[in-house]
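Here is the file protein06.txt (compact mmCIF, C-alpha atoms).
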# COMPACT_ATOMS: atom_id res chain seq x y z
CA LEU A 422 -15.24 3.24 -13.46
CA SER A 423 -18.77 3.73 -12.21
CA ARG A 424 -19.88 6.01 -9.41
CA CYS A 425 -22.68 6.07 -6.87
CA SER A 426 -24.69 9.24 -7.31
CA GLY A 427 -24.45 11.58 -4.33
CA GLY A 428 -28.05 12.42 -3.55
CA SER A 429 -29.93 9.20 -4.18
CA ILE A 430 -27.77 6.69 -2.37
CA ASN A 431 -29.35 4.23 0.00
CA THR A 432 -28.36 0.99 1.66
CA GLN A 433 -29.86 -1.26 -1.03
CA GLU A 434 -27.93 0.49 -3.78
CA HIS A 435 -24.69 0.07 -1.90
CA THR A 436 -24.97 -3.68 -1.89
CA THR A 437 -25.39 -3.75 -5.65
CA HIS A 438 -22.86 -1.04 -6.54
CA TYR A 439 -19.94 -1.98 -4.30
CA THR A 440 -18.13 -4.67 -6.19
CA ASP A 441 -14.54 -5.72 -6.86
CA SER A 442 -12.20 -3.94 -4.44
CA PHE A 443 -15.08 -2.62 -2.34
CA SER A 444 -16.96 -5.86 -1.65
CA PHE A 445 -20.10 -4.06 -0.51
CA PHE A 446 -20.68 -1.13 1.78
CA HIS A 447 -20.17 -2.95 5.09
CA ARG A 448 -17.00 -4.79 6.04
CA ASN A 449 -15.74 -6.80 8.99
CA LEU A 450 -13.59 -4.79 11.38
CA GLY A 451 -10.31 -6.61 10.93
CA LYS A 452 -10.99 -10.29 11.48
CA SER A 453 -13.56 -9.62 14.19
CA GLY A 454 -17.24 -10.35 13.58
CA LEU A 455 -18.21 -6.67 13.90
CA ARG A 456 -19.66 -5.26 10.65
CA VAL A 457 -18.89 -1.59 10.10
CA SER A 458 -19.71 0.71 7.19
CA CYS A 459 -16.67 1.39 5.02
CA LEU A 460 -17.21 5.09 5.75
CA GLY A 461 -17.64 6.45 9.26
CA LEU A 462 -18.14 9.89 10.78
CA GLY A 463 -15.45 11.26 13.04
CA GLU A 464 -14.72 14.38 15.11
CA SER A 465 -17.40 17.01 14.51
CA MET A 466 -20.95 15.73 14.83
CA ALA A 467 -24.08 17.61 13.81
CA GLU A 468 -27.58 16.16 13.86
CA ASN A 469 -28.30 16.79 10.16
CA LEU A 470 -24.98 15.17 9.12
CA MET A 471 -25.46 12.13 11.34
CA THR A 472 -29.03 11.69 10.08
CA ILE A 473 -28.01 11.77 6.39
CA ALA A 474 -25.11 9.40 7.09
CA TYR A 475 -27.23 6.94 9.08
CA GLU A 476 -30.01 6.94 6.49
CA ASN A 477 -27.44 6.13 3.81
CA GLY A 478 -26.05 3.08 5.59
CA VAL A 479 -23.26 4.66 7.66
CA ASN A 480 -23.29 2.91 11.04
CA LEU A 481 -19.96 4.06 12.51
CA PHE A 482 -19.57 7.20 14.66
CA ASP A 483 -16.21 7.96 16.24
CA THR A 484 -15.42 10.38 19.06
CA ALA A 485 -12.90 10.82 21.91
CA GLU A 486 -12.78 12.06 25.48
CA VAL A 487 -10.36 14.79 24.35
CA TYR A 488 -12.53 16.24 21.52
CA ALA A 489 -13.72 19.69 22.64
CA SER A 490 -12.80 18.66 26.22
CA GLY A 491 -15.61 16.10 26.34
CA ARG A 492 -18.28 18.25 24.71
CA ALA A 493 -18.13 16.21 21.49
CA GLU A 494 -19.27 13.12 23.42
CA ILE A 495 -22.11 15.08 25.02
CA THR A 496 -23.28 16.30 21.58
CA LEU A 497 -23.10 12.80 20.08
CA GLY A 498 -25.00 11.33 23.05
CA ASN A 499 -27.74 13.97 22.81
CA ILE A 500 -28.20 13.37 19.07
CA VAL A 501 -28.43 9.58 19.43
CA LYS A 502 -30.94 9.94 22.29
CA LYS A 503 -33.05 12.43 20.33
CA LYS A 504 -33.11 10.30 17.17
CA GLY A 505 -34.25 7.22 19.08
CA TRP A 506 -32.24 4.86 16.86
CA ARG A 507 -31.97 1.27 18.07
CA ARG A 508 -28.69 0.95 19.95
CA SER A 509 -28.00 -2.35 18.19
CA SER A 510 -28.14 -0.66 14.75
CA PHE A 511 -25.00 1.51 15.02
CA VAL A 512 -21.42 1.44 16.28
CA ILE A 513 -20.01 4.12 18.60
CA THR A 514 -16.31 4.31 19.34
CA THR A 515 -14.41 6.58 21.69
CA LYS A 516 -10.75 7.10 22.55
CA ILE A 517 -9.10 7.31 25.95
CA TYR A 518 -5.84 9.02 26.86
CA TRP A 519 -6.18 12.78 27.46
CA GLY A 520 -9.00 13.15 29.97
CA GLY A 521 -8.19 16.13 32.17
CA GLN A 522 -5.53 18.29 33.78
CA ALA A 523 -4.62 16.05 36.72
CA GLU A 524 -1.75 13.60 36.38
CA THR A 525 -4.14 10.71 36.98
CA GLU A 526 -6.62 11.92 34.34
CA ARG A 527 -4.46 11.06 31.36
CA GLY A 528 -2.49 8.11 30.04
CA LEU A 529 -3.35 4.42 30.03
CA SER A 530 -3.11 3.43 33.68
CA ARG A 531 -5.77 0.98 34.83
CA LYS A 532 -7.22 3.87 36.83
CA HIS A 533 -7.59 6.22 33.86
CA ILE A 534 -8.80 3.59 31.37
CA ILE A 535 -11.64 2.60 33.73
CA GLU A 536 -12.47 6.08 35.05
CA GLY A 537 -11.99 7.70 31.64
CA LEU A 538 -14.36 5.26 29.96
CA ARG A 539 -16.93 5.70 32.76
CA GLY A 540 -16.75 9.46 32.14
CA SER A 541 -17.20 8.96 28.39
CA LEU A 542 -20.23 6.69 28.91
CA SER A 543 -21.78 9.25 31.23
CA ARG A 544 -21.33 12.04 28.66
CA LEU A 545 -22.60 9.80 25.84
CA GLN A 546 -25.57 8.66 27.98
CA LEU A 547 -24.80 5.08 26.95
CA ASP A 548 -24.34 1.81 28.83
CA TYR A 549 -21.45 0.79 26.58
CA VAL A 550 -19.39 1.82 23.56
CA ASP A 551 -18.73 -0.69 20.80
CA ILE A 552 -15.00 -0.02 20.68
CA VAL A 553 -12.75 1.80 23.14
CA PHE A 554 -9.44 2.95 21.67
CA ALA A 555 -6.18 3.68 23.45
CA ASN A 556 -5.49 7.07 21.84
CA ARG A 557 -1.66 6.54 21.60
CA ASN A 558 0.62 4.28 23.61
CA ASP A 559 1.66 5.25 27.14
CA VAL A 560 5.32 4.56 27.96
CA ASN A 561 4.55 5.08 31.66
CA SER A 562 2.07 2.19 31.81
CA PRO A 563 3.16 -1.45 31.51
CA MET A 564 1.57 -3.23 28.54
CA GLU A 565 0.13 -5.95 30.78
CA GLU A 566 -1.70 -3.29 32.83
CA ILE A 567 -3.19 -1.73 29.66
CA VAL A 568 -4.36 -5.07 28.24
CA ARG A 569 -5.76 -6.20 31.62
CA ALA A 570 -7.70 -2.93 32.02
CA MET A 571 -9.10 -3.15 28.46
CA THR A 572 -10.12 -6.77 29.12
CA PHE A 573 -11.77 -5.66 32.38
CA VAL A 574 -13.91 -2.92 30.76
CA ILE A 575 -15.02 -5.41 28.09
CA ASN A 576 -15.87 -8.08 30.69
CA GLN A 577 -17.78 -5.46 32.68
CA GLY A 578 -19.92 -4.69 29.60
CA MET A 579 -18.58 -1.12 29.21
CA ALA A 580 -17.19 -1.91 25.73
CA MET A 581 -17.52 -4.70 23.17
CA TYR A 582 -14.01 -4.51 21.72
CA TRP A 583 -10.83 -2.49 22.16
CA GLY A 584 -8.38 -1.03 19.71
CA THR A 585 -5.33 1.19 19.39
CA SER A 586 -4.73 4.56 17.80
CA ARG A 587 -1.35 5.91 16.63
CA TRP A 588 0.42 2.78 17.94
CA SER A 589 3.42 1.30 16.15
CA ALA A 590 3.17 -2.21 14.69
CA MET A 591 5.61 -3.39 17.37
CA GLU A 592 3.43 -2.00 20.20
CA ILE A 593 0.30 -3.64 18.75
CA MET A 594 2.18 -6.94 18.46
CA GLU A 595 3.29 -6.63 22.10
CA ALA A 596 -0.33 -6.07 23.23
CA TYR A 597 -1.40 -9.14 21.26
CA SER A 598 1.40 -11.28 22.77
CA VAL A 599 0.52 -10.14 26.32
CA ALA A 600 -3.16 -10.95 25.66
CA ARG A 601 -2.30 -14.43 24.43
CA GLN A 602 0.16 -15.07 27.29
CA PHE A 603 -2.33 -14.20 30.05
CA ASN A 604 -5.54 -15.29 28.29
CA LEU A 605 -6.73 -11.67 27.92
CA ILE A 606 -8.53 -9.91 25.05
CA PRO A 607 -6.31 -8.60 22.21
CA PRO A 608 -7.01 -5.41 20.22
CA VAL A 609 -9.05 -5.74 17.01
CA CYS A 610 -8.21 -2.50 15.25
CA GLU A 611 -5.69 0.32 14.81
CA GLN A 612 -6.73 3.86 13.94
CA ALA A 613 -4.12 5.41 11.65
CA GLU A 614 -3.66 8.47 9.47
CA TYR A 615 -3.82 7.49 5.80
CA HIS A 616 -3.87 9.46 2.57
CA TYR A 617 -1.86 9.94 -0.65
CA PHE A 618 1.12 11.37 1.26
CA GLN A 619 1.09 9.08 4.32
CA ARG A 620 1.24 5.48 3.18
CA ASP A 621 3.91 3.35 4.80
CA LYS A 622 2.15 2.20 7.98
CA VAL A 623 -1.20 1.32 6.41
CA GLU A 624 0.20 -0.27 3.26
CA VAL A 625 3.22 -2.14 4.63
CA GLN A 626 3.01 -2.66 8.41
CA LEU A 627 -0.72 -3.08 9.03
CA PRO A 628 -1.49 -5.71 6.31
CA GLU A 629 1.14 -7.92 7.97
CA LEU A 630 -0.65 -7.52 11.33
CA TYR A 631 -4.00 -8.13 9.66
CA HIS A 632 -2.80 -11.51 8.32
CA LYS A 633 -0.92 -12.53 11.46
CA ILE A 634 -3.25 -11.42 14.25
CA GLY A 635 -6.41 -10.11 12.54
CA VAL A 636 -6.02 -6.42 13.44
CA GLY A 637 -7.96 -4.19 11.03
CA ALA A 638 -7.34 -0.56 10.11
CA MET A 639 -9.74 2.32 10.64
CA THR A 640 -8.15 5.28 8.90
CA TRP A 641 -8.55 9.03 9.29
CA SER A 642 -7.64 12.20 7.37
CA PRO A 643 -8.27 10.78 3.84
CA LEU A 644 -8.09 14.33 2.44
CA ALA A 645 -4.88 15.25 4.33
CA CYS A 646 -6.57 17.99 6.40
CA GLY A 647 -8.26 19.36 3.27
CA LEU A 648 -5.06 19.60 1.23
CA ILE A 649 -6.37 17.10 -1.34
CA THR A 650 -9.55 19.10 -2.04
CA GLY A 651 -7.38 21.73 -3.75
CA LYS A 652 -8.56 24.59 -1.54
CA TYR A 653 -4.94 25.50 -0.72
CA SER A 654 -3.75 25.57 -4.33
CA ASP A 655 -3.66 29.37 -4.42
CA GLY A 656 -2.61 30.00 -0.83
CA VAL A 657 -4.48 29.76 2.48
CA PRO A 658 -8.11 31.01 2.31
CA GLU A 659 -9.27 33.02 5.35
CA CYS A 660 -12.13 30.64 6.20
CA SER A 661 -10.03 27.46 5.93
CA ARG A 662 -8.73 25.29 8.76
CA ALA A 663 -5.11 26.34 8.11
CA ALA A 664 -6.08 29.95 8.86
CA MET A 665 -7.62 29.05 12.23
CA LYS A 666 -5.99 29.54 15.61
CA GLY A 667 -4.06 26.45 16.67
CA TYR A 668 -3.49 25.28 13.09
CA GLN A 669 -0.23 27.11 12.44
CA TRP A 670 1.39 23.71 11.76
CA LEU A 671 -1.02 23.15 8.86
CA LYS A 672 -0.34 26.59 7.41
CA GLU A 673 3.41 25.90 7.61
CA ARG A 674 2.91 22.51 5.97
CA VAL A 675 0.93 24.07 3.09
CA ASN A 676 3.56 26.76 2.53
CA SER A 677 6.59 24.45 2.84
CA GLU A 678 8.58 23.20 -0.14
CA GLU A 679 7.18 19.69 0.41
CA GLY A 680 3.67 21.19 0.61
CA ARG A 681 4.12 22.94 -2.73
CA ARG A 682 5.30 19.69 -4.32
CA GLN A 683 2.23 17.92 -2.94
CA LEU A 684 -0.08 20.66 -4.24
CA ALA A 685 1.40 20.24 -7.73
CA LYS A 686 0.58 16.51 -7.57
CA ILE A 687 -2.91 17.31 -6.27
CA LYS A 688 -3.55 19.44 -9.38
CA GLU A 689 -2.74 16.40 -11.56
CA LEU A 690 -4.99 14.19 -9.40
CA HIS A 691 -7.82 16.68 -9.94
CA LEU A 692 -7.38 16.26 -13.71
CA LEU A 693 -7.49 12.48 -13.28
CA ALA A 694 -10.68 12.76 -11.19
CA ASP A 695 -12.27 14.98 -13.89
CA ARG A 696 -11.43 12.37 -16.48
CA LEU A 697 -13.03 9.63 -14.34
CA GLY A 698 -16.14 11.72 -13.78
CA CYS A 699 -15.77 12.15 -10.02
CA THR A 700 -14.39 14.73 -7.60
CA ALA A 701 -10.88 14.72 -6.15
CA ALA A 702 -12.29 13.94 -2.69
CA GLN A 703 -14.27 10.94 -3.98
CA LEU A 704 -11.18 9.59 -5.74
CA ALA A 705 -9.02 10.04 -2.62
CA ILE A 706 -11.50 8.21 -0.36
CA ALA A 707 -11.98 5.34 -2.83
CA TRP A 708 -8.18 5.09 -3.09
CA CYS A 709 -7.92 4.70 0.71
CA LEU A 710 -10.57 1.98 0.70
CA ARG A 711 -8.79 -0.12 -1.91
CA SER A 712 -6.02 -0.89 0.59
CA GLU A 713 -5.96 -4.36 2.11
CA GLY A 714 -7.00 -4.52 5.75
CA VAL A 715 -8.70 -1.09 5.73
CA SER A 716 -12.09 -1.73 7.28
CA SER A 717 -13.36 1.84 7.38
CA VAL A 718 -12.35 5.40 6.50
CA LEU A 719 -13.41 8.12 8.96
CA LEU A 720 -14.68 11.32 7.38
CA GLY A 721 -14.36 14.77 8.93
CA VAL A 722 -17.13 16.72 7.20
CA SER A 723 -18.46 20.14 8.17
CA ASN A 724 -21.54 20.45 5.90
CA THR A 725 -24.11 18.37 4.02
CA ASP A 726 -22.61 19.08 0.58
CA GLN A 727 -19.27 17.62 1.67
CA LEU A 728 -20.98 14.61 3.24
CA LEU A 729 -23.11 13.82 0.16
CA GLU A 730 -20.05 14.22 -2.06
CA ASN A 731 -18.04 11.82 0.13
CA LEU A 732 -20.88 9.28 0.28
CA GLY A 733 -20.98 9.24 -3.52
CA ILE A 734 -17.56 7.61 -3.74
CA LEU A 735 -16.34 5.57 -6.67
CA SER A 736 -17.71 2.07 -6.59
CA GLN A 737 -14.68 0.52 -8.25
CA MET A 738 -10.96 1.23 -8.25
CA THR A 739 -9.52 -0.43 -11.33
CA PRO A 740 -5.91 -1.68 -11.28
CA GLN A 741 -5.24 0.78 -14.11
CA THR A 742 -6.40 3.74 -11.99
CA ILE A 743 -4.34 2.55 -9.01
CA THR A 744 -1.23 2.23 -11.20
CA GLU A 745 -1.82 5.69 -12.63
CA ILE A 746 -2.15 7.25 -9.16
CA ASP A 747 0.98 5.43 -7.93
CA ALA A 748 2.97 6.71 -10.91
CA LEU A 749 1.71 10.22 -10.30
CA LEU A 750 2.50 10.18 -6.56
CA GLY A 751 5.85 8.40 -6.91
CA ASN A 752 5.82 7.34 -3.24
CA LYS A 753 4.59 3.74 -3.21
CA PRO A 754 6.15 2.04 -0.18
CA HIS A 755 7.83 -1.34 -0.64
CA SER A 756 7.04 -4.25 1.63
CA LYS A 757 9.88 -6.18 3.29
CA LYS A 758 9.36 -9.03 0.82
CA GLU A 759 9.75 -6.71 -2.17
CA SER A 760 12.85 -5.12 -0.62
CA ARG A 761 14.49 -8.54 -0.15
CA ALA A 762 13.63 -9.49 -3.73

Have the structure of the file written as structure tokens, please.
Amino acid sequence: LSRCSGGSINTQEHTTHYTDSFSFFHRNLGKSGLRVSCLGLGESMAENLMTIAYENGVNLFDTAEVYASGRAEITLGNIVKKKGWRRSSFVITTKIYWGGQAETERGLSRKHIIEGLRGSLSRLQLDYVDIVFANRNDVNSPMEEIVRAMTFVINQGMAMYWGTSRWSAMEIMEAYSVARQFNLIPPVCEQAEYHYFQRDKVEVQLPELYHKIGVGAMTWSPLACGLITGKYSDGVPECSRAAMKGYQWLKERVNSEEGRRQLAKIKELHLLADRLGCTAAQLAIAWCLRSEGVSSVLLGVSNTDQLLENLGILSQMTPQTITEIDALLGNKPHSKKESRA
């Protein structure tokens, strides 16, 4: 099981190293023609991190109108403008749902999708985003209205594609059916949480959608909010996310009985990573990327060491390693076909 070395990676190396389950560093987003790097940067953006990522072949940067109440988009826009990168050389995605305090500034009404995206573009200082995501489904907005509004912003040149985030397979299928019925544009991608302890949706439901309607998966939280790094093995460190204000839920999760069971499994996964000559984070990210239909894994990194470590992921996931991890986790979901059998 070979590994790309952290510091010396570049785009040329990726095309030679990424074989077997990885099939090179860039992948199609679902069955669309858009080529995205199999790793993307999400949430917190810093100029030094974006520069290292971009120079090492990462072309995907994900944000949302809700991140830091819009300030994340402003930061990302300022960095891109300062760097002077060709707009055609990278992919920027944003998510619409929670835009402001007023009743009309959130949800997926035609009004908020159009106004929300205009606001995002203004903060990003861009003419268009590559993908606009609906950042959860809105039960108060009819599906036809959502799909028509997404089609409108694409036809107006404000976005190239649209996708969903935290939608159920049934909701995505409904959007696709509405698009086909009224000759509108269907979604190309679902953003979903995916890691060792959250598997069902990405491994069972989304591959079915990928084959049927071409929807790809862009996944987030590959390290389960840092749990997989092992930093919570001996309790909650003061400087960690779980100790921060607003992350009480994470602290409770770490200290719960289920959390303790997961930490015990993480210790074993660390031993496996040592044996393979990589870090636990690299193993976890490579494991996410082996899954069918996963186009890209979004990283949430806070410093250059973490970023370089994550970029130096395993170049191959052998069937033997996958089997070993499945046995260790004991939570492999069964597809409907397997259940019937």

Taking the point (-4.5, 0.9, 35.1) as given in the file, collect each protein or nucleic acid residue that comes within 6 Å of it, counting all atoms listed in the file, and present the set as a compact mmCIF listing (two decimals) with C-alpha atoms, keeping the file's coordinate frame.
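What ended up in out_34.txt:
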# COMPACT_ATOMS: atom_id res chain seq x y z
CA SER A 530 -3.11 3.43 33.68
CA ARG A 531 -5.77 0.98 34.83
CA LYS A 532 -7.22 3.87 36.83
CA GLU A 566 -1.70 -3.29 32.83
CA ALA A 570 -7.70 -2.93 32.02

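Across A:Leu547, A:Ala523, A:Leu692, A:Met591, the tightest approach to Gln626 of chain A is made by A:Met591 when counting all atoms listed in the file.
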
Determine the nearest neighbour of Ser598 of chain A from the options A:Ala685, A:Gly637, A:Leu732, A:Met564, counting all atoms listed in the file.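 Once distances to Ser598 of chain A are computed over all atoms listed in the file, the minimum belongs to A:Met564.
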
Go ahead and compute the interatomic distance for atom CA of Leu462 of chain A and atom CA of Thr725 of chain A, in Å to one decimal.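 Atom CA of Thr725 of chain A lies 12.4 Å from atom CA of Leu462 of chain A.
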
May I ask for the distance between atom CA of His755 of chain A and atom CA of Gln619 of chain A, given in Å to one decimal place?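 Separation between atom CA of His755 of chain A and atom CA of Gln619 of chain A: 13.4 Å.
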
Rank A:Gln612, A:Ser717, A:Gln727, A:Ser586 by their smallest atom-to-atom distance to Arg448 of chain A, using all atoms listed in the file, and report the top residue only. A:Ser717

Mind checking which residues fall within 8 Å of Glu624 of chain A, counting all atoms listed in the file, ignoring those fewer than 5 positions away in the same chain, and posting them as a VMD selection string? chain A and resid 712 to 713 754

Which neighbours of Arg601 of chain A fall inside 12 Å, counting only C-alpha atoms, when residues of the same chain fewer than 6 positions from it are skipped, and could you give them as an MDAnalysis selection string? chainID A and resid 565 568:569 572 594:595 607:608 634

Those residues with C-alpha atoms, as an mmCIF file, in the frame of the given file please?
data_model
loop_
_atom_site.group_PDB
_atom_site.id
_atom_site.type_symbol
_atom_site.label_atom_id
_atom_site.label_comp_id
_atom_site.auth_asym_id
_atom_site.auth_seq_id
_atom_site.Cartn_x
_atom_site.Cartn_y
_atom_site.Cartn_z
ATOM 1 C CA GLU A 565 0.130 -5.950 30.780
ATOM 2 C CA VAL A 568 -4.360 -5.070 28.240
ATOM 3 C CA ARG A 569 -5.760 -6.200 31.620
ATOM 4 C CA THR A 572 -10.120 -6.770 29.120
ATOM 5 C CA MET A 594 2.180 -6.940 18.460
ATOM 6 C CA GLU A 595 3.290 -6.630 22.100
ATOM 7 C CA PRO A 607 -6.310 -8.600 22.210
ATOM 8 C CA PRO A 608 -7.010 -5.410 20.220
ATOM 9 C CA ILE A 634 -3.250 -11.420 14.250
#

Distance query Thr472 of chain A at most 10 Å, all atoms listed in the file, self and fewer than 6 positions along chain excluded, as a ChimeraX atom specification: /A:479,500-501,504

Quick one: residues within 12 Å of Ser589 of chain A, only C-alpha atoms counted, chain neighbours fewer than 2 positions away excluded, as a list in words?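 So the residues in contact are Arg557, Asn558, Asp559, Thr585, Ser586, Arg587, Met591, Glu592, Ile593, Met594, Glu595, Ala596, Glu611, Gln612, Ala613, Asp621, Lys622, Val623, Gln626, Leu627 and Leu630 of chain A.
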